[in-house]
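Text of upload-v4.cif, listed as mmCIF, C-alpha atoms:
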data_input
#
loop_
_atom_site.label_atom_id
_atom_site.label_comp_id
_atom_site.auth_asym_id
_atom_site.auth_seq_id
_atom_site.Cartn_x
_atom_site.Cartn_y
_atom_site.Cartn_z
CA VAL Z 28 121.38 61.08 37.57
CA ASP Z 29 120.24 59.71 34.22
CA ARG Z 30 118.81 56.57 35.81
CA LEU Z 31 117.03 58.46 38.57
CA SER Z 32 115.57 60.98 36.13
CA ALA Z 33 114.36 58.14 33.89
CA LEU Z 34 112.48 56.79 36.90
CA GLY Z 35 110.77 60.14 37.41
CA VAL Z 36 112.85 61.19 40.42
CA ASP Z 37 113.44 64.91 40.84
CA VAL Z 38 117.20 65.43 41.13
CA ASP Z 39 118.91 68.48 42.58
CA GLY Z 40 122.67 68.82 42.72
CA LEU Z 41 125.42 70.71 44.50
CA ARG Z 42 128.63 71.87 42.87
CA ARG Z 43 131.19 74.65 43.28
CA THR Z 44 129.76 76.57 40.34
CA PRO Z 45 126.02 76.41 39.63
CA VAL Z 46 126.43 75.31 36.02
CA PRO Z 47 123.30 73.57 34.70
CA GLU Z 48 123.61 69.81 34.38
CA PRO Z 49 121.47 67.63 32.11
CA SER Z 50 118.69 65.85 34.04
CA VAL Z 51 119.37 67.93 37.18
CA ASP Z 52 116.45 70.14 38.11
CA ARG Z 53 118.39 72.65 40.18
CA VAL Z 54 122.08 73.14 40.99
CA TYR Z 55 123.06 74.65 44.34
CA THR Z 56 126.44 75.98 45.47
CA PRO Z 57 128.20 74.79 48.64
CA GLY Z 58 127.01 77.93 50.44
CA GLU Z 59 123.45 76.76 49.80
CA ILE Z 60 123.90 73.21 51.09
CA GLU Z 61 121.27 73.53 53.82
CA SER Z 62 118.71 74.75 51.28
CA ALA Z 63 119.75 71.96 48.93
CA VAL Z 64 119.03 69.21 51.47
CA ALA Z 65 115.94 70.81 53.06
CA GLY Z 66 113.40 69.27 50.70
CA ALA Z 67 115.23 66.06 49.81
CA ARG Z 68 113.98 62.67 50.88
CA PHE Z 69 117.37 61.13 49.98
CA VAL Z 70 120.68 62.98 50.22
CA VAL Z 71 123.34 61.07 48.27
CA LEU Z 72 126.99 61.99 48.74
CA THR Z 73 129.38 61.25 45.86
CA VAL Z 74 132.06 63.91 46.37
CA PRO Z 75 135.81 63.40 46.78
CA LEU Z 76 137.38 64.09 50.17
CA THR Z 77 139.13 67.46 49.91
CA GLY Z 78 139.73 70.36 52.25
CA GLU Z 79 136.46 71.85 51.02
CA THR Z 80 134.37 68.71 51.50
CA GLU Z 81 135.81 67.38 54.76
CA GLY Z 82 133.08 67.53 57.40
CA MET Z 83 130.64 69.22 55.00
CA ILE Z 84 127.78 67.15 56.41
CA ASP Z 85 127.67 68.38 59.98
CA ARG Z 86 124.93 68.92 62.55
CA ASP Z 87 123.68 72.07 60.81
CA VAL Z 88 123.22 70.23 57.52
CA LEU Z 89 121.66 67.21 59.22
CA ASP Z 90 119.25 69.51 61.09
CA ALA Z 91 118.27 71.10 57.77
CA MET Z 92 117.22 67.70 56.39
CA ARG Z 93 113.66 66.43 56.66
CA ASP Z 94 112.97 64.11 59.58
CA ASP Z 95 111.92 61.42 57.06
CA ALA Z 96 115.09 61.84 54.99
CA TYR Z 97 117.91 59.36 54.51
CA LEU Z 98 121.61 60.11 54.12
CA ILE Z 99 123.48 57.87 51.67
CA ASN Z 100 127.26 58.14 51.72
CA VAL Z 101 129.18 56.42 48.92
CA ALA Z 102 131.80 59.19 48.84
CA ARG Z 103 134.39 59.24 51.62
CA GLY Z 104 133.86 58.87 55.34
CA GLY Z 105 135.44 62.20 56.23
CA VAL Z 106 132.77 64.08 54.29
CA VAL Z 107 130.36 63.39 57.16
CA ASP Z 108 130.97 64.35 60.78
CA GLN Z 109 130.23 60.88 62.11
CA SER Z 110 129.51 61.94 65.70
CA ASP Z 111 127.00 64.50 64.42
CA LEU Z 112 125.41 61.78 62.29
CA VAL Z 113 125.13 59.41 65.26
CA SER Z 114 123.47 62.20 67.27
CA ALA Z 115 121.04 63.05 64.46
CA LEU Z 116 120.09 59.39 64.10
CA GLY Z 117 119.77 58.99 67.86
CA ASP Z 118 117.38 61.91 68.25
CA GLU Z 119 115.54 60.97 65.04
CA SER Z 120 116.38 64.24 63.27
CA ILE Z 121 116.69 62.10 60.13
CA ALA Z 122 115.08 58.76 59.34
CA GLY Z 123 118.20 56.76 58.59
CA ALA Z 124 121.42 56.30 56.68
CA ALA Z 125 123.09 53.93 54.24
CA LEU Z 126 126.84 54.13 54.74
CA ASP Z 127 129.52 52.56 52.58
CA VAL Z 128 132.36 54.67 53.98
CA PHE Z 129 133.40 55.83 57.44
CA GLU Z 130 135.81 58.17 59.20
CA ASP Z 131 137.75 55.10 60.34
CA GLU Z 132 137.78 52.00 58.18
CA PRO Z 133 136.95 49.36 58.84
CA LEU Z 134 134.17 50.70 61.05
CA PRO Z 135 135.24 49.93 64.64
CA GLU Z 136 133.22 47.24 66.44
CA SER Z 137 132.49 49.81 69.15
CA SER Z 138 130.68 52.16 66.76
CA PRO Z 139 127.04 52.77 67.69
CA LEU Z 140 126.20 52.67 63.96
CA TRP Z 141 126.35 48.85 64.08
CA GLU Z 142 123.42 48.68 66.50
CA MET Z 143 121.11 51.22 64.82
CA ASP Z 144 118.19 49.60 63.02
CA GLU Z 145 117.81 52.64 60.75
CA VAL Z 146 121.39 52.33 59.42
CA ILE Z 147 122.66 50.10 56.62
CA VAL Z 148 126.40 49.46 56.80
CA THR Z 149 128.31 48.11 53.80
CA PRO Z 150 132.07 47.38 53.52
CA HIS Z 151 133.22 50.20 51.19
CA CYS Z 152 132.04 48.33 48.12
CA ALA Z 153 129.47 50.65 46.50
CA ALA Z 154 131.56 51.12 43.36
CA PHE Z 155 131.89 47.43 42.64
CA THR Z 156 129.78 46.07 39.82
CA HIS Z 157 130.26 43.20 37.42
CA ARG Z 158 131.89 45.73 35.04
CA TYR Z 159 134.05 47.56 37.59
CA GLY Z 160 137.39 46.42 36.13
CA GLU Z 161 136.26 47.31 32.61
CA HIS Z 162 135.19 50.79 33.76
CA VAL Z 163 138.46 51.50 35.59
CA GLY Z 164 140.43 50.11 32.66
CA SER Z 165 138.72 52.52 30.26
CA ILE Z 166 139.65 55.48 32.51
CA VAL Z 167 143.28 54.32 32.67
CA ARG Z 168 143.44 53.84 28.88
CA GLU Z 169 141.99 57.29 28.28
CA ASN Z 170 144.43 58.92 30.71
CA VAL Z 171 147.42 57.14 29.14
CA ARG Z 172 146.32 58.47 25.75
CA ARG Z 173 145.82 61.97 27.18
CA ALA Z 174 149.20 61.95 28.93
CA ARG Z 175 150.91 60.80 25.72
CA ASP Z 176 149.16 63.58 23.75
CA GLY Z 177 149.89 66.27 26.34
CA GLU Z 178 146.21 66.71 27.25
CA ALA Z 179 144.66 67.25 30.68
CA LEU Z 180 143.79 64.00 32.47
CA THR Z 181 140.18 63.02 33.05
CA ASN Z 182 138.58 62.17 36.39
CA ARG Z 183 141.03 64.27 38.41
CA VAL Z 184 140.26 65.32 41.96
CA LEU Z 185 141.20 68.95 42.54
#
Show this structure as structure tokens.
Amino acid sequence: VDRLSALGVDVDGLRRTPVPEPSVDRVYTPGEIESAVAGARFVVLTVPLTGETEGMIDRDVLDAMRDDAYLINVARGGVVDQSDLVSALGDESIAGAALDVFEDEPLPESSPLWEMDEVIVTPHCAAFTHRYGEHVGSIVRENVRRARDGEALTNRVL
């Protein structure tokens, strides 16, 4: 969010409670997801896979997106109903997708996503950077300290 905002990109967000977030112009709730995606040129998914998020991007949400919009999924494959996505791409309801995660991994050779020119497929590697190990190590160190001190752990998925 900080990097996008610094580049002048308008950023809206979606979270369970509409608490303001620095550098986020507007925060929507899950019940407002279709409104949240309606004006977006890029819809970026970064949520964990939970009972609440499984299949959250379905045909209704894809239909609410602009026809020149792109879906970017670096979250978990199950967050998107993949058959609905294939249909939306096939009938050009959205412009394209960049997908790092899939319902089944690795993505089966028979998947139509492989043949779609408007789709970028990557091998579940979006989190990897030259400092990935350092970043994960800092989270582990912090959680060891918190556990030792009887504090709540950070970066928990609820």
Quick one: which residues end up in the PyMOL selection byres ((chain Z and resi 148) around 7) for this structure, as a short mmCIF file (atom, residue, chain, number, x, y, z; two decimals) with C-alpha atoms, in the frame of the given file?
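Output (out.cif):
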data_model
loop_
_atom_site.label_atom_id
_atom_site.label_comp_id
_atom_site.auth_asym_id
_atom_site.auth_seq_id
_atom_site.Cartn_x
_atom_site.Cartn_y
_atom_site.Cartn_z
CA ALA Z 125 123.09 53.93 54.24
CA LEU Z 126 126.84 54.13 54.74
CA ASP Z 127 129.52 52.56 52.58
CA VAL Z 146 121.39 52.33 59.42
CA ILE Z 147 122.66 50.10 56.62
CA THR Z 149 128.31 48.11 53.80
CA PRO Z 150 132.07 47.38 53.52
#
Would you mind listing what lies within 8 Å of Ala67 of chain Z as a PDB file with C-alpha atoms, in the frame of the given file, with only C-alpha atoms counted and same-chain residues fewer than 6 positions away left out?
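To be explicit, this is the file written out as around14.pdb:
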ATOM      1  CA  MET Z  92     117.220  67.700  56.390  1.00  0.00           C
ATOM      2  CA  ARG Z  93     113.660  66.430  56.660  1.00  0.00           C
ATOM      3  CA  ALA Z  96     115.090  61.840  54.990  1.00  0.00           C
TER       4      ALA Z  96
END
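Closest approach to Asp111 of chain Z from the set Z:Asp176, Z:Asp37, Z:Asp52, Z:Asp85 is made by Z:Asp85, with distances taken over only C-alpha atoms.
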### Message
Just the number, please: distance in Å from atom CA of Ala115 of chain Z to atom CA of Val54 of chain Z, one decimal.
### Response
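Atom CA of Ala115 of chain Z sits 25.6 Å away from atom CA of Val54 of chain Z.
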### Residue nearest Val28 of chain Z - candidates Z:Glu59, Z:Glu169, Z:Glu48, Z:Glu161, atoms counted: all atoms listed in the file
Z:Glu48
### Message
I'd like to see the residues matched by the PyMOL selection byres ((chain Z and resi 86) around 10) on this file, and ideally I'd get them as a PyMOL selection string.
### Response
chain Z and resi 82-85+87-92+107-115+120
Given the file above and the PyMOL selection byres ((chain Z and resi 80) around 12), which residues are selected, and can you give them as a PDB file with C-alpha atoms, in the coordinates of the input?
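result29.pdb, freshly written:
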ATOM      1  CA  LEU Z  41     125.420  70.710  44.500  1.00  0.00           C
ATOM      2  CA  ARG Z  42     128.630  71.870  42.870  1.00  0.00           C
ATOM      3  CA  ARG Z  43     131.190  74.650  43.280  1.00  0.00           C
ATOM      4  CA  PRO Z  57     128.200  74.790  48.640  1.00  0.00           C
ATOM      5  CA  GLY Z  58     127.010  77.930  50.440  1.00  0.00           C
ATOM      6  CA  ILE Z  60     123.900  73.210  51.090  1.00  0.00           C
ATOM      7  CA  LEU Z  72     126.990  61.990  48.740  1.00  0.00           C
ATOM      8  CA  THR Z  73     129.380  61.250  45.860  1.00  0.00           C
ATOM      9  CA  VAL Z  74     132.060  63.910  46.370  1.00  0.00           C
ATOM     10  CA  PRO Z  75     135.810  63.400  46.780  1.00  0.00           C
ATOM     11  CA  LEU Z  76     137.380  64.090  50.170  1.00  0.00           C
ATOM     12  CA  THR Z  77     139.130  67.460  49.910  1.00  0.00           C
ATOM     13  CA  GLY Z  78     139.730  70.360  52.250  1.00  0.00           C
ATOM     14  CA  GLU Z  79     136.460  71.850  51.020  1.00  0.00           C
ATOM     15  CA  GLU Z  81     135.810  67.380  54.760  1.00  0.00           C
ATOM     16  CA  GLY Z  82     133.080  67.530  57.400  1.00  0.00           C
ATOM     17  CA  MET Z  83     130.640  69.220  55.000  1.00  0.00           C
ATOM     18  CA  ILE Z  84     127.780  67.150  56.410  1.00  0.00           C
ATOM     19  CA  ASP Z  85     127.670  68.380  59.980  1.00  0.00           C
ATOM     20  CA  ALA Z 102     131.800  59.190  48.840  1.00  0.00           C
ATOM     21  CA  ARG Z 103     134.390  59.240  51.620  1.00  0.00           C
ATOM     22  CA  GLY Z 104     133.860  58.870  55.340  1.00  0.00           C
ATOM     23  CA  GLY Z 105     135.440  62.200  56.230  1.00  0.00           C
ATOM     24  CA  VAL Z 106     132.770  64.080  54.290  1.00  0.00           C
ATOM     25  CA  VAL Z 107     130.360  63.390  57.160  1.00  0.00           C
ATOM     26  CA  ASP Z 108     130.970  64.350  60.780  1.00  0.00           C
ATOM     27  CA  VAL Z 184     140.260  65.320  41.960  1.00  0.00           C
ATOM     28  CA  LEU Z 185     141.200  68.950  42.540  1.00  0.00           C
TER      29      LEU Z 185
END
### Task
Can you work out which one of Z:His157, Z:Gly123, Z:His162, Z:Arg175 has the shortest atom-to-atom distance to Asp144 of chain Z, counting only C-alpha atoms?
Z:Gly123
### Task
Pull the neighbourhood of (121.4, 63.1, 54.3) for me: all residues within 6 Å in file coordinates, counting all atoms listed in the file, as a list in words.
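Residues satisfying the cut-off, written out: Val70, Tyr97 and Leu98 of chain Z.
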### Task
In Å, rounded to a single decimal, give me how far atom CA of Asp131 of chain Z is from atom CA of Leu116 of chain Z.
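About the pair atom CA of Leu116 of chain Z and atom CA of Asp131 of chain Z: they are 18.6 Å apart.
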### Task
Take atom CA of Thr56 of chain Z and atom CA of Arg68 of chain Z and report the distance between them in Å, one decimal.
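Atom CA of Arg68 of chain Z lies at a distance of 19.0 Å from atom CA of Thr56 of chain Z.
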### Task
Find the residue from Z:Val171, Z:Cys152, Z:Val38, Z:Ile121 that sits nearest to Arg53 of chain Z; use only C-alpha atoms when measuring.
Z:Val38
Generate a file for segment 112-123 of chain Z, containing all heavy atoms, as an mmCIF file, in the first residue's frame.
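Final file, result_30.cif:
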data_model
loop_
_atom_site.group_PDB
_atom_site.id
_atom_site.type_symbol
_atom_site.label_atom_id
_atom_site.label_comp_id
_atom_site.auth_asym_id
_atom_site.auth_seq_id
_atom_site.Cartn_x
_atom_site.Cartn_y
_atom_site.Cartn_z
ATOM 1 N N LEU Z 112 -13.678 -17.818 -12.836
ATOM 2 C CA LEU Z 112 -12.639 -16.973 -13.413
ATOM 3 C C LEU Z 112 -12.401 -17.331 -14.879
ATOM 4 O O LEU Z 112 -12.322 -16.441 -15.734
ATOM 5 C CB LEU Z 112 -11.336 -17.094 -12.617
ATOM 6 C CG LEU Z 112 -10.137 -16.338 -13.194
ATOM 7 C CD1 LEU Z 112 -10.420 -14.839 -13.281
ATOM 8 C CD2 LEU Z 112 -8.891 -16.623 -12.371
ATOM 9 N N VAL Z 113 -12.292 -18.612 -15.163
ATOM 10 C CA VAL Z 113 -12.091 -19.053 -16.553
ATOM 11 C C VAL Z 113 -13.237 -18.560 -17.427
ATOM 12 O O VAL Z 113 -13.019 -18.052 -18.530
ATOM 13 C CB VAL Z 113 -11.930 -20.591 -16.630
ATOM 14 C CG1 VAL Z 113 -12.015 -21.088 -18.064
ATOM 15 C CG2 VAL Z 113 -10.614 -21.019 -15.983
ATOM 16 N N SER Z 114 -14.459 -18.655 -16.933
ATOM 17 C CA SER Z 114 -15.625 -18.171 -17.692
ATOM 18 C C SER Z 114 -15.552 -16.668 -17.914
ATOM 19 O O SER Z 114 -15.804 -16.183 -19.017
ATOM 20 C CB SER Z 114 -16.927 -18.516 -16.963
ATOM 21 O OG SER Z 114 -17.116 -19.904 -16.924
ATOM 22 N N ALA Z 115 -15.223 -15.918 -16.869
ATOM 23 C CA ALA Z 115 -15.142 -14.458 -16.985
ATOM 24 C C ALA Z 115 -14.055 -14.045 -17.971
ATOM 25 O O ALA Z 115 -14.235 -13.100 -18.744
ATOM 26 C CB ALA Z 115 -14.887 -13.829 -15.617
ATOM 27 N N LEU Z 116 -12.935 -14.748 -17.973
ATOM 28 C CA LEU Z 116 -11.871 -14.461 -18.926
ATOM 29 C C LEU Z 116 -12.296 -14.837 -20.339
ATOM 30 O O LEU Z 116 -12.039 -14.101 -21.290
ATOM 31 C CB LEU Z 116 -10.596 -15.216 -18.540
ATOM 32 C CG LEU Z 116 -9.899 -14.723 -17.281
ATOM 33 C CD1 LEU Z 116 -8.921 -15.769 -16.760
ATOM 34 C CD2 LEU Z 116 -9.202 -13.396 -17.536
ATOM 35 N N GLY Z 117 -12.984 -15.967 -20.446
ATOM 36 C CA GLY Z 117 -13.429 -16.443 -21.758
ATOM 37 C C GLY Z 117 -14.434 -15.522 -22.419
ATOM 38 O O GLY Z 117 -14.400 -15.322 -23.637
ATOM 39 N N ASP Z 118 -15.325 -14.940 -21.629
ATOM 40 C CA ASP Z 118 -16.326 -14.039 -22.228
ATOM 41 C C ASP Z 118 -15.917 -12.569 -22.105
ATOM 42 O O ASP Z 118 -16.720 -11.678 -22.358
ATOM 43 C CB ASP Z 118 -17.721 -14.294 -21.666
ATOM 44 C CG ASP Z 118 -17.865 -14.002 -20.186
ATOM 45 O OD1 ASP Z 118 -17.066 -13.230 -19.630
ATOM 46 O OD2 ASP Z 118 -18.804 -14.555 -19.575
ATOM 47 N N GLU Z 119 -14.646 -12.351 -21.743
ATOM 48 C CA GLU Z 119 -14.049 -11.019 -21.667
ATOM 49 C C GLU Z 119 -14.779 -10.076 -20.713
ATOM 50 O O GLU Z 119 -14.828 -8.870 -20.920
ATOM 51 C CB GLU Z 119 -13.921 -10.405 -23.064
ATOM 52 C CG GLU Z 119 -13.027 -11.230 -23.969
ATOM 53 C CD GLU Z 119 -12.898 -10.660 -25.373
ATOM 54 O OE1 GLU Z 119 -13.450 -9.585 -25.656
ATOM 55 O OE2 GLU Z 119 -12.222 -11.313 -26.184
ATOM 56 N N SER Z 120 -15.328 -10.650 -19.624
ATOM 57 C CA SER Z 120 -15.929 -9.827 -18.576
ATOM 58 C C SER Z 120 -14.863 -9.021 -17.844
ATOM 59 O O SER Z 120 -15.149 -7.954 -17.309
ATOM 60 C CB SER Z 120 -16.674 -10.696 -17.561
ATOM 61 O OG SER Z 120 -17.755 -11.335 -18.173
ATOM 62 N N ILE Z 121 -13.638 -9.574 -17.787
ATOM 63 C CA ILE Z 121 -12.489 -8.853 -17.252
ATOM 64 C C ILE Z 121 -11.366 -8.961 -18.282
ATOM 65 O O ILE Z 121 -11.392 -9.836 -19.159
ATOM 66 C CB ILE Z 121 -12.035 -9.371 -15.865
ATOM 67 C CG1 ILE Z 121 -11.550 -10.816 -15.935
ATOM 68 C CG2 ILE Z 121 -13.151 -9.211 -14.848
ATOM 69 C CD1 ILE Z 121 -10.904 -11.312 -14.641
ATOM 70 N N ALA Z 122 -10.389 -8.066 -18.170
ATOM 71 C CA ALA Z 122 -9.326 -8.004 -19.175
ATOM 72 C C ALA Z 122 -8.276 -9.101 -19.030
ATOM 73 O O ALA Z 122 -7.686 -9.532 -20.018
ATOM 74 C CB ALA Z 122 -8.652 -6.639 -19.138
ATOM 75 N N GLY Z 123 -8.028 -9.545 -17.793
ATOM 76 C CA GLY Z 123 -6.998 -10.545 -17.610
ATOM 77 C C GLY Z 123 -6.742 -10.844 -16.155
ATOM 78 O O GLY Z 123 -7.424 -10.336 -15.262
#
